[in-house]
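Novice: Next comes query.cif, mmCIF, C-alpha atoms and all ligand atoms:
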data_coords
#
loop_
_atom_site.group_PDB
_atom_site.id
_atom_site.type_symbol
_atom_site.label_atom_id
_atom_site.label_comp_id
_atom_site.auth_asym_id
_atom_site.auth_seq_id
_atom_site.Cartn_x
_atom_site.Cartn_y
_atom_site.Cartn_z
ATOM 1 C CA MET A 216 0.000 0.000 0.000
ATOM 2 C CA GLY A 217 1.313 3.466 -0.896
ATOM 3 C CA ARG A 218 2.558 5.792 1.798
ATOM 4 C CA ARG A 219 1.077 9.238 2.035
ATOM 5 C CA LYS A 220 3.694 11.653 3.324
ATOM 6 C CA GLY A 221 2.060 14.931 2.403
ATOM 7 C CA PRO A 222 0.415 16.681 -0.494
ATOM 8 C CA SER A 223 3.572 17.638 -2.344
ATOM 9 C CA SER A 224 5.379 14.341 -1.762
ATOM 10 C CA PHE A 225 2.625 11.896 -2.673
ATOM 11 C CA GLU A 226 4.157 9.227 -4.873
ATOM 12 C CA VAL A 227 2.042 7.375 -7.387
ATOM 13 C CA THR A 228 2.951 3.717 -7.918
ATOM 14 C CA ALA A 229 3.123 2.164 -11.355
ATOM 15 C CA SER A 230 0.416 -0.278 -10.187
ATOM 16 C CA ASP A 231 -1.861 2.655 -9.359
ATOM 17 C CA LEU A 232 -1.923 3.550 -13.045
ATOM 18 C CA LYS A 233 -3.340 0.196 -14.124
ATOM 19 C CA ASP A 234 -5.755 0.192 -11.186
ATOM 20 C CA TYR A 235 -7.015 3.679 -12.109
ATOM 21 C CA LEU A 236 -7.591 2.448 -15.649
ATOM 22 C CA TYR A 237 -9.577 -0.491 -14.254
ATOM 23 C CA CYS A 238 -11.674 1.894 -12.172
ATOM 24 C CA PRO A 239 -10.692 5.335 -10.762
ATOM 25 C CA ARG A 240 -12.605 4.556 -7.560
ATOM 26 C CA THR A 241 -9.997 1.973 -6.487
ATOM 27 C CA ILE A 242 -7.596 4.874 -5.886
ATOM 28 C CA TYR A 243 -10.067 6.545 -3.531
ATOM 29 C CA TRP A 244 -10.547 3.398 -1.418
ATOM 30 C CA ARG A 245 -6.814 2.717 -1.224
ATOM 31 C CA TYR A 246 -5.440 6.166 -0.428
ATOM 32 C CA VAL A 247 -8.268 8.340 0.869
ATOM 33 C CA LEU A 248 -10.054 5.761 3.023
ATOM 34 C CA ARG A 249 -6.880 3.652 3.406
ATOM 35 C CA ILE A 250 -8.585 0.337 2.781
ATOM 36 C CA ALA A 251 -5.954 -2.280 1.985
ATOM 37 C CA GLU A 252 -6.830 -4.446 -0.997
ATOM 38 C CA PRO A 253 -7.153 -8.056 0.181
ATOM 39 C CA ARG A 254 -4.570 -10.396 -1.343
ATOM 40 C CA THR A 255 -6.342 -12.716 -3.730
ATOM 41 C CA GLY A 256 -5.443 -16.294 -4.554
ATOM 42 C CA LEU A 257 -4.379 -15.103 -7.995
ATOM 43 C CA MET A 258 -1.950 -12.583 -6.488
ATOM 44 C CA ILE A 259 -0.351 -15.200 -4.226
ATOM 45 C CA ARG A 260 -0.144 -17.702 -7.051
ATOM 46 C CA GLY A 261 1.271 -14.928 -9.229
ATOM 47 C CA LYS A 262 4.267 -14.456 -6.952
ATOM 48 C CA ARG A 263 4.980 -18.169 -6.938
ATOM 49 C CA LEU A 264 4.829 -18.449 -10.713
ATOM 50 C CA GLN A 265 6.707 -15.249 -11.421
ATOM 51 C CA ASP A 266 10.206 -16.747 -11.448
ATOM 52 C CA LYS A 267 9.217 -19.494 -13.888
ATOM 53 C CA ALA A 268 7.463 -16.965 -16.114
ATOM 54 C CA ILE A 269 10.520 -14.704 -16.237
ATOM 55 C CA THR A 270 12.717 -17.603 -17.322
ATOM 56 C CA ARG A 271 10.153 -18.574 -19.972
ATOM 57 C CA ALA A 272 9.890 -14.975 -21.187
ATOM 58 C CA LEU A 273 13.655 -14.854 -21.758
ATOM 59 C CA GLU A 274 13.358 -18.003 -23.908
ATOM 60 C CA LEU A 275 10.364 -16.697 -25.863
ATOM 61 C CA ALA A 276 12.014 -13.341 -26.549
ATOM 62 C CA SER A 277 15.127 -15.109 -27.923
ATOM 63 C CA LEU A 278 17.358 -12.630 -26.168
ATOM 64 C CA LYS A 279 20.820 -14.122 -26.273
ATOM 65 C CA GLY A 280 23.198 -12.906 -23.586
ATOM 66 C CA TYR A 281 20.514 -11.124 -21.542
ATOM 67 C CA ARG A 282 20.085 -11.734 -17.823
ATOM 68 C CA ALA A 283 17.190 -10.800 -15.565
ATOM 69 C CA ILE A 284 17.368 -8.574 -12.492
ATOM 70 C CA ARG A 285 14.251 -9.686 -10.621
ATOM 71 C CA ARG A 286 11.937 -7.551 -8.517
ATOM 72 C CA LEU A 287 13.800 -4.305 -9.095
ATOM 73 C CA PRO A 288 12.673 -1.387 -6.861
ATOM 74 C CA LEU A 289 12.406 1.882 -8.787
ATOM 75 C CA ARG A 290 11.747 5.453 -7.786
ATOM 76 C CA SER A 291 11.694 8.704 -9.723
ATOM 77 C CA ARG A 292 11.684 12.056 -8.022
ATOM 78 C CA SER A 293 10.989 13.919 -11.245
ATOM 79 C CA LEU A 294 7.930 11.747 -12.032
ATOM 80 C CA GLY A 295 6.825 11.474 -8.384
ATOM 81 C CA MET A 296 6.527 7.758 -8.935
ATOM 82 C CA ARG A 297 7.786 4.464 -7.552
ATOM 83 C CA GLY A 298 7.231 0.741 -7.951
ATOM 84 C CA VAL A 299 8.781 -2.699 -8.118
ATOM 85 C CA LEU A 300 9.381 -4.044 -11.619
ATOM 86 C CA ASP A 301 9.027 -7.829 -12.012
ATOM 87 C CA ALA A 302 12.276 -8.047 -13.995
ATOM 88 C CA LEU A 303 14.705 -5.885 -15.921
ATOM 89 C CA LEU A 304 16.324 -7.754 -18.821
ATOM 90 C CA VAL A 305 19.894 -6.536 -19.184
ATOM 91 C CA GLY A 306 22.005 -7.134 -22.294
ATOM 92 C CA GLU A 307 22.728 -4.939 -25.303
ATOM 93 C CA ASP A 308 20.076 -2.659 -23.887
ATOM 94 C CA LEU A 309 17.543 -2.565 -21.034
ATOM 95 C CA LYS A 310 14.097 -4.150 -21.415
ATOM 96 C CA PRO A 311 11.512 -4.092 -18.602
ATOM 97 C CA LEU A 312 9.354 -7.208 -18.191
ATOM 98 C CA GLU A 313 6.083 -7.661 -16.319
ATOM 99 C CA VAL A 314 4.323 -10.956 -15.633
ATOM 100 C CA LYS A 315 0.502 -10.990 -15.812
ATOM 101 C CA LEU A 316 -1.589 -14.085 -15.290
ATOM 102 C CA GLY A 317 -4.880 -12.741 -16.665
ATOM 103 C CA LEU A 318 -6.094 -11.436 -20.000
ATOM 104 C CA ARG A 319 -4.244 -8.876 -22.102
ATOM 105 C CA ARG A 320 -5.045 -5.282 -21.146
ATOM 106 C CA GLU A 321 -3.971 -1.897 -22.478
ATOM 107 C CA ALA A 322 -3.567 -0.739 -18.862
ATOM 108 C CA TYR A 323 -0.638 -3.133 -18.402
ATOM 109 C CA LYS A 324 1.189 -1.361 -21.227
ATOM 110 C CA VAL A 325 0.762 1.939 -19.397
ATOM 111 C CA GLN A 326 2.115 0.369 -16.197
ATOM 112 C CA LEU A 327 5.103 -1.103 -18.066
ATOM 113 C CA THR A 328 5.801 2.253 -19.706
ATOM 114 C CA ALA A 329 5.916 3.881 -16.259
ATOM 115 C CA TYR A 330 8.577 1.368 -15.235
ATOM 116 C CA ALA A 331 10.493 2.062 -18.450
ATOM 117 C CA MET A 332 10.520 5.801 -17.702
ATOM 118 C CA MET A 333 11.837 5.132 -14.189
ATOM 119 C CA VAL A 334 14.500 2.760 -15.555
ATOM 120 C CA GLU A 335 15.620 5.490 -17.961
ATOM 121 C CA GLU A 336 16.052 7.910 -15.096
ATOM 122 C CA LYS A 337 17.832 5.400 -12.846
ATOM 123 C CA PHE A 338 20.312 4.103 -15.451
ATOM 124 C CA GLY A 339 20.562 7.167 -17.721
ATOM 125 C CA GLU A 340 19.772 5.121 -20.854
ATOM 126 C CA ASP A 341 16.964 5.218 -23.401
ATOM 127 C CA VAL A 342 14.522 2.316 -23.013
ATOM 128 C CA LYS A 343 12.697 1.648 -26.259
ATOM 129 C CA GLU A 344 10.837 -1.625 -25.710
ATOM 130 C CA GLY A 345 9.829 -4.169 -23.117
ATOM 131 C CA PHE A 346 7.664 -7.239 -22.659
ATOM 132 C CA ILE A 347 4.551 -8.428 -20.883
ATOM 133 C CA PHE A 348 4.384 -12.162 -20.248
ATOM 134 C CA TYR A 349 0.847 -13.601 -20.376
ATOM 135 C CA PRO A 350 -0.122 -17.283 -20.178
ATOM 136 C CA SER A 351 -1.243 -16.825 -23.807
ATOM 137 C CA GLY A 352 2.192 -15.593 -24.924
ATOM 138 C CA LEU A 353 4.705 -12.782 -24.800
ATOM 139 C CA GLU A 354 3.664 -9.280 -25.892
ATOM 140 C CA ARG A 355 6.305 -6.844 -27.119
ATOM 141 C CA VAL A 356 5.565 -3.239 -26.092
ATOM 142 C CA LEU A 357 7.118 -0.209 -27.785
ATOM 143 C CA PHE A 358 7.317 2.800 -25.475
ATOM 144 C CA THR A 359 5.729 5.317 -27.800
ATOM 145 C CA GLU A 360 5.139 8.993 -27.077
ATOM 146 C CA ARG A 361 1.429 8.189 -26.798
ATOM 147 C CA LEU A 362 2.050 5.672 -23.994
ATOM 148 C CA ARG A 363 4.432 8.050 -22.219
ATOM 149 C CA ARG A 364 1.835 10.832 -22.337
ATOM 150 C CA ARG A 365 -0.729 8.398 -20.956
ATOM 151 C CA VAL A 366 1.543 7.689 -17.984
ATOM 152 C CA MET A 367 1.746 11.409 -17.207
ATOM 153 C CA ASP A 368 -1.998 12.014 -17.690
ATOM 154 C CA VAL A 369 -3.094 9.063 -15.544
ATOM 155 C CA SER A 370 -0.602 9.775 -12.753
ATOM 156 C CA ARG A 371 -1.887 13.374 -12.650
ATOM 157 C CA GLU A 372 -5.463 12.048 -12.265
ATOM 158 C CA VAL A 373 -4.430 9.601 -9.509
ATOM 159 C CA ARG A 374 -2.771 12.464 -7.611
ATOM 160 C CA ARG A 375 -5.823 14.681 -8.084
ATOM 161 C CA ILE A 376 -8.156 12.067 -6.554
ATOM 162 C CA VAL A 377 -5.877 11.576 -3.549
ATOM 163 C CA LEU A 378 -5.193 15.231 -2.850
ATOM 164 C CA SER A 379 -8.754 16.429 -3.400
ATOM 165 C CA GLU A 380 -10.181 13.393 -1.549
ATOM 166 C CA SER A 381 -12.983 13.297 -4.091
ATOM 167 C CA LEU A 382 -14.890 10.085 -4.797
ATOM 168 C CA PRO A 383 -14.882 9.340 -8.536
ATOM 169 C CA ASP A 384 -17.947 7.931 -10.304
ATOM 170 C CA PRO A 385 -18.173 4.149 -10.501
ATOM 171 C CA THR A 386 -16.743 2.610 -13.642
ATOM 172 C CA VAL A 387 -19.190 2.537 -16.535
ATOM 173 C CA ARG A 388 -18.081 -1.070 -17.121
ATOM 174 C CA SER A 389 -20.237 -2.469 -14.356
ATOM 175 C CA ARG A 390 -19.218 -6.054 -15.120
ATOM 176 C CA ARG A 391 -15.824 -5.233 -13.614
ATOM 177 C CA CYS A 392 -17.423 -4.761 -10.189
ATOM 178 C CA GLY A 393 -18.107 -8.480 -9.957
ATOM 179 C CA SER A 394 -14.407 -9.217 -9.605
ATOM 180 C CA CYS A 395 -13.430 -6.048 -7.705
ATOM 181 C CA GLU A 396 -11.984 -6.561 -4.210
ATOM 182 C CA TYR A 397 -13.416 -3.217 -3.097
ATOM 183 C CA TYR A 398 -17.006 -4.113 -3.927
ATOM 184 C CA PRO A 399 -18.043 -4.667 -0.256
ATOM 185 C CA PHE A 400 -17.039 -1.034 0.493
ATOM 186 C CA CYS A 401 -18.168 0.488 -2.768
ATOM 187 C CA ARG A 402 -21.314 -1.245 -4.050
ATOM 188 C CA ARG A 403 -21.367 1.359 -6.864
ATOM 189 C CA ILE A 404 -23.292 3.763 -4.607
HETATM 190 S S1 LIG B 1 -16.926 -2.078 -7.138
HETATM 191 FE FE1 LIG B 1 -16.957 -1.299 -9.250
HETATM 192 S S2 LIG B 1 -17.203 0.940 -9.077
HETATM 193 FE FE2 LIG B 1 -16.569 0.150 -7.053
HETATM 194 S S3 LIG B 1 -14.335 0.372 -7.035
HETATM 195 FE FE3 LIG B 1 -14.799 -1.714 -7.749
HETATM 196 S S4 LIG B 1 -14.880 -1.590 -9.992
HETATM 197 FE FE4 LIG B 1 -15.020 0.507 -9.165
#
Any chance you could give the structure as structure tokens?

Specialist:
Amino acid sequence: MGRRKGPSSFEVTASDLKDYLYCPRTIYWRYVLRIAEPRTGLMIRGKRLQDKAITRALELASLKGYRAIRRLPLRSRSLGMRGVLDALLVGEDLKPLEVKLGLRREAYKVQLTAYAMMVEEKFGEDVKEGFIFYPSGLERVLFTERLRRRVMDVSREVRRIVLSESLPDPTVRSRRCGSCEYYPFCRRI
């Protein structure tokens, strides 16, 4: 759960970006009302399978000579952002990798791009592409200007919700509520 040190020092996590894109209300429950998201079976299983998935992703990407730095903590003062990247693939260049056990989602690309931007700041190198490992296969993600702008726009919205303490409208995709861990607190009211 994110720490809240004060209005000017609030740090958005890369995970917050994908959660906002799932439903902006999740940010309100987590940071304004400080309700910790319960750990689901999928999350626990995800941690256990992560190491195997990273090894498999290296094979699928055919990256000769690359090694993986696993669970890399990242922080950027200029972006006001932090997070823990599943793996950074290090070889001729740097390629961030995230492991996801569900369906493909655009929001995961935004999250991965946030990690890429923090990697660039930490190592002082351009990061042009990365990967998301899904059970259905490996997706290559190019860190386009559009994705980078999305990172900035969404992180600004996350910060606005937290600092203004305003409850966003429920997601228009009401089917998502069925699998939302915050439903008992929210109920779309
Ligand atoms: S229950 Fe629905 S509206 Fe409420 S936070 Fe979850 S996804 Fe959003």

Novice: How many Å lie between atom CA of Ala329 of chain A and atom CA of Ala229 of chain A, rounded to one decimal?

Specialist: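 For atom CA of Ala329 of chain A relative to atom CA of Ala229 of chain A, the distance reads 5.9 Å.
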
Novice: I'd like to know which of A:Val227, A:Ile242, A:Leu264, A:Met332 is closest to ligand LIG 1 (chain B), using all atoms listed in the file.

Specialist: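 So, comparing all the options, the nearest one is A:Ile242.
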
Novice: Name all residues at most 7 Å from segment 378-387 of chain A (count all atoms listed in the file; drop same-chain ones fewer than 4 positions away) and give them as a ChimeraX atom specification.

Specialist: /A:222,238-240,243,247,374,403

Novice: Just give me the gap between atom CA of Arg388 of chain A and atom FE4 of ligand LIG 1 (chain B) in Å, one decimal is fine.

Specialist: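 The value is 8.7 Å.
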
Novice: Atom CA of Ile376 of chain A to atom CA of Val299 of chain A: how many Å, to one decimal?

Specialist: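 Separating atom CA of Ile376 of chain A from atom CA of Val299 of chain A is a distance of 22.5 Å.
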
Novice: Find the smallest box with edges along x, y and z containing every listed atom of ligand LIG 1 (chain B), then add 3 Å on each side and report centre and edge lengths in Å to one decimal, as lines of an AutoDock Vina configuration file.

Specialist:
center_x = -15.8
center_y = -0.6
center_z = -8.5
size_x = 8.9
size_y = 9.0
size_z = 9.0

Novice: Restricting the calculation to only C-alpha atoms: of A:Ile250, A:Ala276, A:Cys392, A:Val369, which residue gets closest to Val356 of chain A?

Specialist: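 Using only C-alpha atoms, the shortest distance to Val356 of chain A belongs to A:Ala276.
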
Novice: Residues within 7 Å of Leu300 of chain A, please, as a list in words. Count all atoms listed in the file; anything in the same chain fewer than 2 positions from it doesn't count.

Specialist: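 Using all atoms listed in the file, the neighbours found are Arg286, Leu287, Pro288, Gly298, Ala302, Glu313 and Tyr330 of chain A.
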
Novice: Nearest residue to Leu357 of chain A out of A:Lys310, A:Lys315, A:Arg391, A:Arg320, using all atoms listed in the file?

Specialist: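 That would be A:Lys310, the residue with the smallest distance to Leu357 of chain A.
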
Novice: Between A:Ser389, A:Ser394, A:Thr228, A:Ser277, which one has atoms that come closest to Leu294 of chain A, using all atoms listed in the file?

Specialist: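 Of A:Ser389, A:Ser394, A:Thr228, A:Ser277, the one nearest Leu294 of chain A, counting all atoms listed in the file, is A:Thr228.
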
Novice: With distances taken over all atoms listed in the file, which of A:Leu289, A:Val325, A:Val314, A:Val305 is nearest to Val366 of chain A?

Specialist: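 Closest residue, counting all atoms listed in the file: A:Val325.
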
Novice: Which one of A:Met296, A:Cys395, A:Ala283, A:Phe400 sits closest to ligand LIG 1 (chain B) if you count only C-alpha atoms and all ligand atoms?

Specialist: A:Cys395

Novice: Near Glu274 of chain A, within 12 Å and counting all atoms listed in the file, which residues show up once chain neighbours fewer than 5 positions away are dropped, as a list in words?

Specialist: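 Within the cut-off, the hits are Lys267, Ala268, Ile269, Lys279, Gly280, Tyr281, Arg282, Ala283, Leu304, Phe348, Gly352 and Leu353 of chain A.
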
Novice: I need the residue set behind the PyMOL selection byres (((chain A and resi 321) around 12) and not hetatm) for this file; please write it as a PyMOL selection string.

Specialist: chain A and resi 232-234+236-237+318-320+322-328+347+354+356+362+365-366

Novice: For the PyMOL selection byres (((chain A and resi 335) around 12) and not hetatm), applied here, can you spell out every residue it catches as a list of chain:residue names?

Specialist: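 Taken on the displayed file, the PyMOL selection byres (((chain A and resi 335) around 12) and not hetatm) yields the residues A:Leu289, A:Arg290, A:Ser291, A:Ser293, A:Leu294, A:Leu303, A:Asp308, A:Leu309, A:Lys310, A:Pro311, A:Thr328, A:Ala329, A:Tyr330, A:Ala331, A:Met332, A:Met333, A:Val334, A:Glu336, A:Lys337, A:Phe338, A:Gly339, A:Glu340, A:Asp341, A:Val342, A:Lys343, A:Glu344, A:Phe358.
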
Novice: Run the PyMOL selection byres (((chain A and resi 397) around 8) and not hetatm) mentally over the shown coordinates, then write out the matched residues as an NGL selection string, using the chain letters and numbers from the document.

Specialist: :A and (241 or 244 or 252 or 395-396 or 398-401)

Novice: Next, dump the selected residues to file, keeping only C-alpha atoms, as a PDB file, keeping the file's coordinate frame.

Specialist:
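The new file again_3.pdb reads:
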ATOM      1  CA  THR A 241      -9.997   1.973  -6.487  1.00  0.00           C
ATOM      2  CA  TRP A 244     -10.547   3.398  -1.418  1.00  0.00           C
ATOM      3  CA  GLU A 252      -6.830  -4.446  -0.997  1.00  0.00           C
ATOM      4  CA  CYS A 395     -13.430  -6.048  -7.705  1.00  0.00           C
ATOM      5  CA  GLU A 396     -11.984  -6.561  -4.210  1.00  0.00           C
ATOM      6  CA  TYR A 398     -17.006  -4.113  -3.927  1.00  0.00           C
ATOM      7  CA  PRO A 399     -18.043  -4.667  -0.256  1.00  0.00           C
ATOM      8  CA  PHE A 400     -17.039  -1.034   0.493  1.00  0.00           C
ATOM      9  CA  CYS A 401     -18.168   0.488  -2.768  1.00  0.00           C
TER      10      CYS A 401
END
